[in-house]
$ cat input_0.txt   # compact mmCIF, C-alpha atoms
# COMPACT_ATOMS: atom_id res chain seq x y z
CA PRO N 1 84.07 36.26 -35.00
CA ARG N 2 84.64 38.51 -37.97
CA PHE N 3 87.65 38.36 -40.20
CA ASP N 4 88.04 42.16 -40.23
CA LEU N 5 88.57 42.09 -36.45
CA VAL N 6 91.40 39.56 -36.56
CA GLN N 7 94.90 41.03 -36.30
CA PHE N 8 96.97 39.05 -38.78
CA PRO N 9 100.68 38.83 -37.90
CA SER N 10 103.39 39.61 -40.37
CA CYS N 11 104.54 36.78 -42.63
CA SER N 12 108.24 37.29 -42.08
CA SER N 13 109.00 33.76 -41.03
CA CYS N 14 107.63 30.20 -41.07
CA GLU N 15 106.39 30.52 -37.51
CA ASP N 16 104.27 33.49 -38.54
CA MET N 17 102.79 31.42 -41.36
CA PHE N 18 101.85 28.61 -38.96
CA ALA N 19 100.30 31.11 -36.57
CA LEU N 20 98.27 32.64 -39.40
CA ARG N 21 97.02 29.20 -40.43
CA ARG N 22 95.90 28.41 -36.85
CA VAL N 23 93.98 31.67 -36.63
CA VAL N 24 92.17 31.09 -39.92
CA THR N 25 91.31 27.49 -38.94
CA LEU N 26 89.95 28.66 -35.58
CA CYS N 27 87.76 31.28 -37.23
CA TRP N 28 86.41 28.70 -39.70
CA LEU N 29 85.51 26.27 -36.87
CA CYS N 30 83.72 29.02 -34.95
CA SER N 31 81.66 29.95 -38.02
CA ALA N 32 80.71 26.31 -38.66
CA THR N 33 79.64 25.84 -35.03
CA LEU N 34 77.39 28.89 -35.05
CA ALA N 35 75.42 27.49 -38.00
CA TYR N 36 73.97 24.76 -35.74
CA VAL N 37 73.17 26.95 -32.74
CA ILE N 38 69.48 27.54 -31.98
CA PRO N 39 68.59 31.05 -33.18
CA ALA N 40 66.89 31.87 -29.86
CA ALA N 41 70.17 31.25 -28.01
CA LEU N 42 72.04 33.81 -30.10
CA PRO N 43 72.19 37.44 -28.95
CA ALA N 44 70.07 39.93 -30.81
CA PRO N 45 71.95 41.55 -33.69
CA ARG N 46 73.12 45.09 -33.19
CA GLN N 47 71.43 47.95 -34.94
CA GLY N 48 73.13 48.62 -38.19
CA SER N 49 74.99 45.30 -38.17
CA ARG N 50 75.76 43.81 -41.54
CA LEU N 51 75.47 40.16 -40.34
CA PRO N 52 72.03 38.59 -40.98
CA ALA N 53 70.31 36.58 -38.24
CA LEU N 54 71.12 32.87 -38.37
CA THR N 55 68.12 30.60 -38.96
CA MET N 56 67.80 26.82 -39.24
CA GLU N 57 66.77 25.22 -42.52
CA GLN N 58 63.08 24.35 -42.73
CA GLY N 59 62.41 20.60 -42.79
CA VAL N 60 59.98 18.65 -44.95
CA GLU N 61 56.36 18.96 -43.83
CA THR N 62 54.67 15.83 -42.51
CA MET N 63 52.40 14.36 -45.15
CA PRO N 64 48.90 13.17 -44.17
CA VAL N 65 48.02 9.48 -43.98
CA MET N 66 46.33 9.52 -47.40
CA MET N 67 48.34 11.31 -50.04
CA PRO N 68 46.43 14.29 -51.47
CA LYS N 69 47.38 13.29 -55.04
CA GLN N 70 46.55 9.61 -54.65
CA LYS N 71 44.35 8.44 -57.52
CA SER N 72 43.91 4.76 -56.55
CA TRP N 73 40.31 4.06 -55.59
CA MET N 74 39.63 2.09 -52.42
CA PRO N 75 36.24 0.63 -51.41
CA LYS N 76 34.46 2.62 -48.74
CA ALA N 77 32.39 1.30 -45.84
CA GLU N 78 29.18 1.44 -47.87
CA ASP N 79 30.79 -0.67 -50.60
CA ARG N 80 31.60 -3.41 -48.06
CA ALA N 81 28.31 -3.24 -46.17
CA MET N 82 26.30 -6.46 -45.94
CA SER N 83 23.11 -4.59 -46.85
CA ASN N 84 24.56 -3.67 -50.27
CA LYS N 85 25.50 -7.22 -51.25
CA LYS N 86 23.49 -9.10 -53.85
CA TRP N 87 22.27 -12.63 -53.26
CA TYR N 88 22.47 -15.36 -55.89
CA VAL N 89 21.01 -18.86 -55.87
CA VAL N 90 22.70 -21.68 -57.82
CA ASP N 91 20.99 -24.95 -58.65
CA ALA N 92 23.79 -27.54 -58.54
CA GLU N 93 21.77 -30.25 -60.28
CA GLY N 94 23.81 -31.64 -63.17
CA LEU N 95 26.71 -29.18 -62.72
CA ARG N 96 30.33 -30.27 -62.55
CA LEU N 97 31.76 -29.86 -59.08
CA GLY N 98 35.06 -28.15 -59.89
CA ARG N 99 33.85 -25.77 -62.58
CA MET N 100 30.81 -24.75 -60.57
CA SER N 101 32.98 -24.12 -57.51
CA SER N 102 35.36 -21.84 -59.43
CA GLU N 103 32.46 -19.71 -60.70
CA ILE N 104 30.97 -19.43 -57.21
CA ALA N 105 34.37 -18.46 -55.79
CA LYS N 106 34.49 -15.56 -58.29
CA LEU N 107 31.13 -14.32 -57.00
CA LEU N 108 32.29 -14.50 -53.39
CA LEU N 109 35.53 -12.65 -54.18
CA GLY N 110 33.75 -10.00 -56.25
CA LYS N 111 35.75 -10.58 -59.44
CA HIS N 112 32.60 -10.03 -61.50
CA LYS N 113 32.51 -6.37 -60.40
CA PRO N 114 34.55 -3.45 -61.77
CA THR N 115 35.21 -2.40 -58.16
CA PHE N 116 37.09 -5.61 -57.31
CA THR N 117 39.99 -4.97 -54.93
CA GLN N 118 42.43 -7.54 -53.58
CA GLY N 119 41.92 -8.27 -49.89
CA VAL N 120 38.66 -6.29 -49.59
CA ASP N 121 35.23 -7.85 -49.12
CA VAL N 122 33.37 -6.53 -52.16
CA GLY N 123 31.80 -9.85 -53.22
CA ASP N 124 28.25 -11.10 -52.97
CA CYS N 125 26.44 -13.93 -51.17
CA VAL N 126 25.68 -17.26 -52.85
CA VAL N 127 23.10 -19.92 -51.96
CA VAL N 128 23.62 -23.41 -53.41
CA ILE N 129 20.72 -25.86 -53.55
CA ASN N 130 20.50 -29.51 -54.66
CA ALA N 131 24.04 -30.14 -53.43
CA GLU N 132 23.47 -33.91 -53.57
CA LYS N 133 22.92 -33.76 -57.36
CA VAL N 134 26.31 -32.31 -58.31
CA ILE N 135 28.33 -34.52 -60.66
CA VAL N 136 31.99 -35.43 -61.13
CA THR N 137 33.59 -36.79 -64.27
CA GLY N 138 35.49 -40.01 -64.83
CA ASN N 139 35.93 -42.40 -61.91
CA LYS N 140 36.16 -39.69 -59.23
CA ALA N 141 32.98 -40.92 -57.56
CA SER N 142 34.67 -44.21 -56.63
CA GLN N 143 38.30 -42.97 -56.36
CA LYS N 144 38.25 -39.47 -54.87
CA LEU N 145 39.02 -39.53 -51.14
CA TYR N 146 38.07 -37.10 -48.38
CA ARG N 147 40.15 -37.14 -45.20
CA ARG N 148 39.49 -35.70 -41.78
CA HIS N 149 41.40 -35.95 -38.52
CA SER N 150 40.12 -35.86 -34.97
CA GLY N 151 43.39 -34.40 -33.66
CA ARG N 152 44.32 -37.48 -31.64
CA PRO N 153 46.88 -40.15 -32.57
CA GLY N 154 45.42 -42.51 -35.13
CA GLY N 155 42.41 -40.26 -35.67
CA MET N 156 42.65 -40.11 -39.47
CA LYS N 157 39.43 -41.12 -41.23
CA THR N 158 39.12 -41.57 -44.99
CA GLU N 159 35.89 -41.59 -46.96
CA LEU N 160 35.05 -42.04 -50.63
CA TYR N 161 33.21 -39.39 -52.61
CA LYS N 162 30.15 -41.55 -53.14
CA ASP N 163 29.93 -42.37 -49.43
CA LEU N 164 30.25 -38.72 -48.35
CA GLN N 165 27.66 -37.74 -50.95
CA GLN N 166 25.19 -40.11 -49.36
CA ARG N 167 25.97 -38.91 -45.85
CA ILE N 168 26.72 -35.12 -46.03
CA PRO N 169 26.51 -33.84 -49.64
CA GLU N 170 26.84 -30.21 -48.49
CA ARG N 171 30.39 -30.84 -47.26
CA ILE N 172 31.57 -31.78 -50.76
CA VAL N 173 30.53 -28.43 -52.23
CA GLU N 174 31.81 -26.47 -49.23
CA LYS N 175 35.28 -28.07 -49.32
CA ALA N 176 35.58 -27.51 -53.08
CA ILE N 177 34.71 -23.80 -52.86
CA LYS N 178 36.73 -23.14 -49.70
CA GLY N 179 39.83 -24.52 -51.40
CA MET N 180 39.52 -21.78 -54.04
CA LEU N 181 39.38 -18.89 -51.54
CA PRO N 182 42.34 -17.13 -49.89
CA LYS N 183 43.89 -19.06 -47.00
CA ASN N 184 43.66 -16.27 -44.42
CA SER N 185 41.11 -14.31 -42.39
CA HIS N 186 39.82 -12.67 -45.56
CA GLY N 187 39.03 -16.06 -47.08
CA ARG N 188 37.31 -17.21 -43.89
CA GLU N 189 35.12 -14.11 -43.96
CA LEU N 190 34.17 -14.75 -47.59
CA PHE N 191 33.31 -18.37 -46.78
CA ARG N 192 30.66 -17.13 -44.34
CA HIS N 193 28.76 -15.70 -47.32
CA LEU N 194 28.28 -19.18 -48.81
CA LYS N 195 25.15 -21.18 -47.93
CA VAL N 196 24.85 -24.79 -49.15
CA TYR N 197 21.71 -26.88 -48.73
CA LYS N 198 20.49 -30.33 -49.64
CA GLY N 199 17.30 -30.28 -51.67
CA ASP N 200 15.65 -27.41 -53.52
CA GLU N 201 14.56 -25.37 -50.49
CA HIS N 202 16.49 -22.74 -48.52
CA PRO N 203 15.62 -20.30 -45.70
CA HIS N 204 16.86 -17.16 -47.51
CA ALA N 205 13.71 -16.14 -49.37
CA ALA N 206 13.69 -12.80 -47.50
CA GLN N 207 16.92 -11.79 -49.29
CA SER N 208 15.28 -12.38 -52.71
CA PRO N 209 18.23 -14.25 -54.23
CA GLU N 210 18.61 -13.95 -57.99
CA PRO N 211 18.94 -17.24 -59.92
CA ILE N 212 22.19 -17.56 -61.84
CA PHE N 213 23.04 -20.20 -64.42
CA PHE N 214 26.40 -21.45 -65.66
CA GLY N 215 26.87 -22.69 -69.22
CA GLY N 216 29.70 -24.22 -71.17
CA LEU N 217 31.64 -27.08 -69.65
CA THR N 218 30.15 -26.35 -66.24
CA SER N 219 26.78 -27.82 -67.25
CA MET N 220 28.02 -30.20 -69.96
CA LYS N 221 27.50 -33.88 -69.37
CA ASP N 222 30.47 -36.18 -68.88
CA SER N 223 31.65 -37.36 -72.30
CA LYS N 224 33.91 -40.04 -70.83
CA VAL N 225 31.13 -42.22 -69.44
CA LEU N 226 31.09 -45.49 -71.35
CA GLU N 227 27.74 -47.05 -72.16
CA LEU N 228 28.40 -50.78 -72.21
CA THR N 229 25.24 -51.76 -74.04
CA ASP N 230 25.04 -53.92 -77.14
CA PRO N 231 23.07 -52.10 -79.83
CA ASP N 232 22.45 -55.42 -81.66
CA ALA N 233 21.04 -57.14 -78.61
CA CYS N 234 17.40 -58.12 -78.77
CA PRO N 235 15.21 -56.35 -76.24
CA ALA N 236 14.04 -58.58 -73.47

$ encode --input "input_0.txt" --output "structure tokens"
Amino acid sequence: PRFDLVQFPSCSSCEDMFALRRVVTLCWLCSATLAYVIPAALPAPRQGSRLPALTMEQGVETMPVMMPKQKSWMPKAEDRAMSNKKWYVVDAEGLRLGRMSSEIAKLLLGKHKPTFTQGVDVGDCVVVINAEKVIVTGNKASQKLYRRHSGRPGGMKTELYKDLQQRIPERIVEKAIKGMLPKNSHGRELFRHLKVYKGDEHPHAAQSPEPIFFGGLTSMKDSKVLELTDPDACPA
């Protein structure tokens, strides 16, 4: 409705004022309701009409999955492909267990690469040989315990480091490195890229693994080992 078509009554009394207020309120409600009516449901405007056609406001366009202005780089499929991974071989002879394991975990995670991304498999593969010759400092060889459970009541079994090293030396290195990887499916996938063997031979010569060496405290001998020998004693 248009205001120029409304016949306003005379304001001679209070009743006329109330009637005028009701008419204005009714016209305002009608105008507000028409703003939410679908344009197709409205009649076509007359020729020469001064009222513009009512249209709905245009909403925000749906953005694509990847923002067009996103600058964060994400590894592609070729960056995660197994064929593009490098292979390294580590000789564990004389290396400290914990420090060697932390360096190998960095290689598996890919932290040595500028393309490292959290939660993405961009690391390399590592082969460890001479697992039985890894060393520990202090009295860990006779005090460090390894526990396993069969899953049945009373199935807990405890084993010393020196006993497990005689029986399955590969398990010592594997448990140390696995404890430094993420505790989820990503960490389990990275653990599959670790190969540990007893002795100096491995079946991965076709991958041409590159030897890698660790210096510093990783290869330093234990300074806490006491040599209980008398320098003044006569040789036998």

$ residues_around --input "input_0.txt" --residues "N:Pro169" --least-positions-apart "3" --cutoff "10 Å" --atoms "all atoms listed in the file" --output "ChimeraX atom specification"
/N:130-134,161-166,172-174,196-198

$ atom_distance --input "input_0.txt" --atom1 "atom CA of N:Tyr146" --atom2 "atom CA of N:Arg96"
17.5 Å

$ atom_distance --input "input_0.txt" --atom1 "atom CA of N:Ser223" --atom2 "atom CA of N:Ala92"
18.6 Å

$ atom_distance --input "input_0.txt" --atom1 "atom CA of N:Val89" --atom2 "atom CA of N:Asn139"
28.5 Å

$ residues_around --input "input_0.txt" --residues "N:Leu108" --least-positions-apart "2" --cutoff "7 Å" --atoms "all atoms listed in the file" --output "PyMOL selection string"
chain N and resi 104-106+110+123-125+190

$ residues_around --input "input_0.txt" --residues "N:Met220" --least-positions-apart "2" --cutoff "12 Å" --atoms "all atoms listed in the file" --output "PDB file with C-alpha atoms, in the frame of the given file"
ATOM      1  CA  GLU N  93      21.770 -30.250 -60.280  1.00  0.00           C
ATOM      2  CA  GLY N  94      23.810 -31.640 -63.170  1.00  0.00           C
ATOM      3  CA  LEU N  95      26.710 -29.180 -62.720  1.00  0.00           C
ATOM      4  CA  ARG N  96      30.330 -30.270 -62.550  1.00  0.00           C
ATOM      5  CA  LEU N  97      31.760 -29.860 -59.080  1.00  0.00           C
ATOM      6  CA  ARG N  99      33.850 -25.770 -62.580  1.00  0.00           C
ATOM      7  CA  MET N 100      30.810 -24.750 -60.570  1.00  0.00           C
ATOM      8  CA  VAL N 134      26.310 -32.310 -58.310  1.00  0.00           C
ATOM      9  CA  ILE N 135      28.330 -34.520 -60.660  1.00  0.00           C
ATOM     10  CA  VAL N 136      31.990 -35.430 -61.130  1.00  0.00           C
ATOM     11  CA  THR N 137      33.590 -36.790 -64.270  1.00  0.00           C
ATOM     12  CA  PHE N 214      26.400 -21.450 -65.660  1.00  0.00           C
ATOM     13  CA  GLY N 215      26.870 -22.690 -69.220  1.00  0.00           C
ATOM     14  CA  GLY N 216      29.700 -24.220 -71.170  1.00  0.00           C
ATOM     15  CA  LEU N 217      31.640 -27.080 -69.650  1.00  0.00           C
ATOM     16  CA  THR N 218      30.150 -26.350 -66.240  1.00  0.00           C
ATOM     17  CA  ASP N 222      30.470 -36.180 -68.880  1.00  0.00           C
ATOM     18  CA  SER N 223      31.650 -37.360 -72.300  1.00  0.00           C
ATOM     19  CA  LYS N 224      33.910 -40.040 -70.830  1.00  0.00           C
TER      20      LYS N 224
END

$ closest_residue --input "input_0.txt" --among "N:Ala205, N:Ala77, N:Leu109, N:Met156" --to "N:Ile177" --atoms "all atoms listed in the file"
N:Leu109

$ closest_residue --input "input_0.txt" --among "N:Val128, N:Glu201, N:Ala233, N:Asp121" --to "N:Gly187" --atoms "only C-alpha atoms"
N:Asp121

$ build_atoms --input "input_0.txt" --residues "stretch 139-157 of chain N" --atoms "N, CA and C atoms" --output "tab-separated table (two decimals), in the frame of the given file"
chain	number	residue	atom	x	y	z
N	139	ASN	N	36.14	-41.46	-63.02
N	139	ASN	CA	35.93	-42.40	-61.91
N	139	ASN	C	36.10	-41.73	-60.55
N	140	LYS	N	35.95	-40.40	-60.50
N	140	LYS	CA	36.16	-39.69	-59.23
N	140	LYS	C	35.17	-40.14	-58.16
N	141	ALA	N	33.97	-40.53	-58.55
N	141	ALA	CA	32.98	-40.92	-57.56
N	141	ALA	C	33.44	-42.11	-56.74
N	142	SER	N	34.22	-43.01	-57.34
N	142	SER	CA	34.67	-44.21	-56.63
N	142	SER	C	36.15	-44.15	-56.26
N	143	GLN	N	36.87	-43.07	-56.65
N	143	GLN	CA	38.30	-42.97	-56.36
N	143	GLN	C	38.67	-41.76	-55.52
N	144	LYS	N	37.91	-40.69	-55.61
N	144	LYS	CA	38.25	-39.47	-54.87
N	144	LYS	C	38.04	-39.68	-53.38
N	145	LEU	N	39.04	-39.29	-52.58
N	145	LEU	CA	39.02	-39.53	-51.14
N	145	LEU	C	38.89	-38.20	-50.39
N	146	TYR	N	38.19	-38.23	-49.30
N	146	TYR	CA	38.07	-37.10	-48.38
N	146	TYR	C	38.58	-37.55	-47.02
N	147	ARG	N	39.52	-36.78	-46.48
N	147	ARG	CA	40.15	-37.14	-45.20
N	147	ARG	C	39.82	-36.11	-44.14
N	148	ARG	N	39.67	-36.58	-42.94
N	148	ARG	CA	39.49	-35.70	-41.78
N	148	ARG	C	40.22	-36.32	-40.60
N	149	HIS	N	40.61	-35.49	-39.66
N	149	HIS	CA	41.40	-35.95	-38.52
N	149	HIS	C	40.79	-35.41	-37.24
N	150	SER	N	40.71	-36.26	-36.25
N	150	SER	CA	40.12	-35.86	-34.97
N	150	SER	C	41.09	-35.07	-34.10
N	151	GLY	N	42.39	-35.08	-34.46
N	151	GLY	CA	43.39	-34.40	-33.66
N	151	GLY	C	44.11	-35.30	-32.68
N	152	ARG	N	43.68	-36.53	-32.54
N	152	ARG	CA	44.32	-37.48	-31.64
N	152	ARG	C	45.11	-38.50	-32.45
N	153	PRO	N	46.09	-39.16	-31.84
N	153	PRO	CA	46.88	-40.15	-32.57
N	153	PRO	C	46.00	-41.25	-33.17
N	154	GLY	N	46.21	-41.50	-34.45
N	154	GLY	CA	45.42	-42.51	-35.13
N	154	GLY	C	44.01	-42.07	-35.47
N	155	GLY	N	43.76	-40.77	-35.44
N	155	GLY	CA	42.41	-40.26	-35.67
N	155	GLY	C	42.09	-39.93	-37.11
N	156	MET	N	42.91	-40.36	-38.06
N	156	MET	CA	42.65	-40.11	-39.47
N	156	MET	C	41.53	-41.00	-39.97
N	157	LYS	N	40.53	-40.38	-40.64
N	157	LYS	CA	39.43	-41.12	-41.23
N	157	LYS	C	39.32	-40.75	-42.70
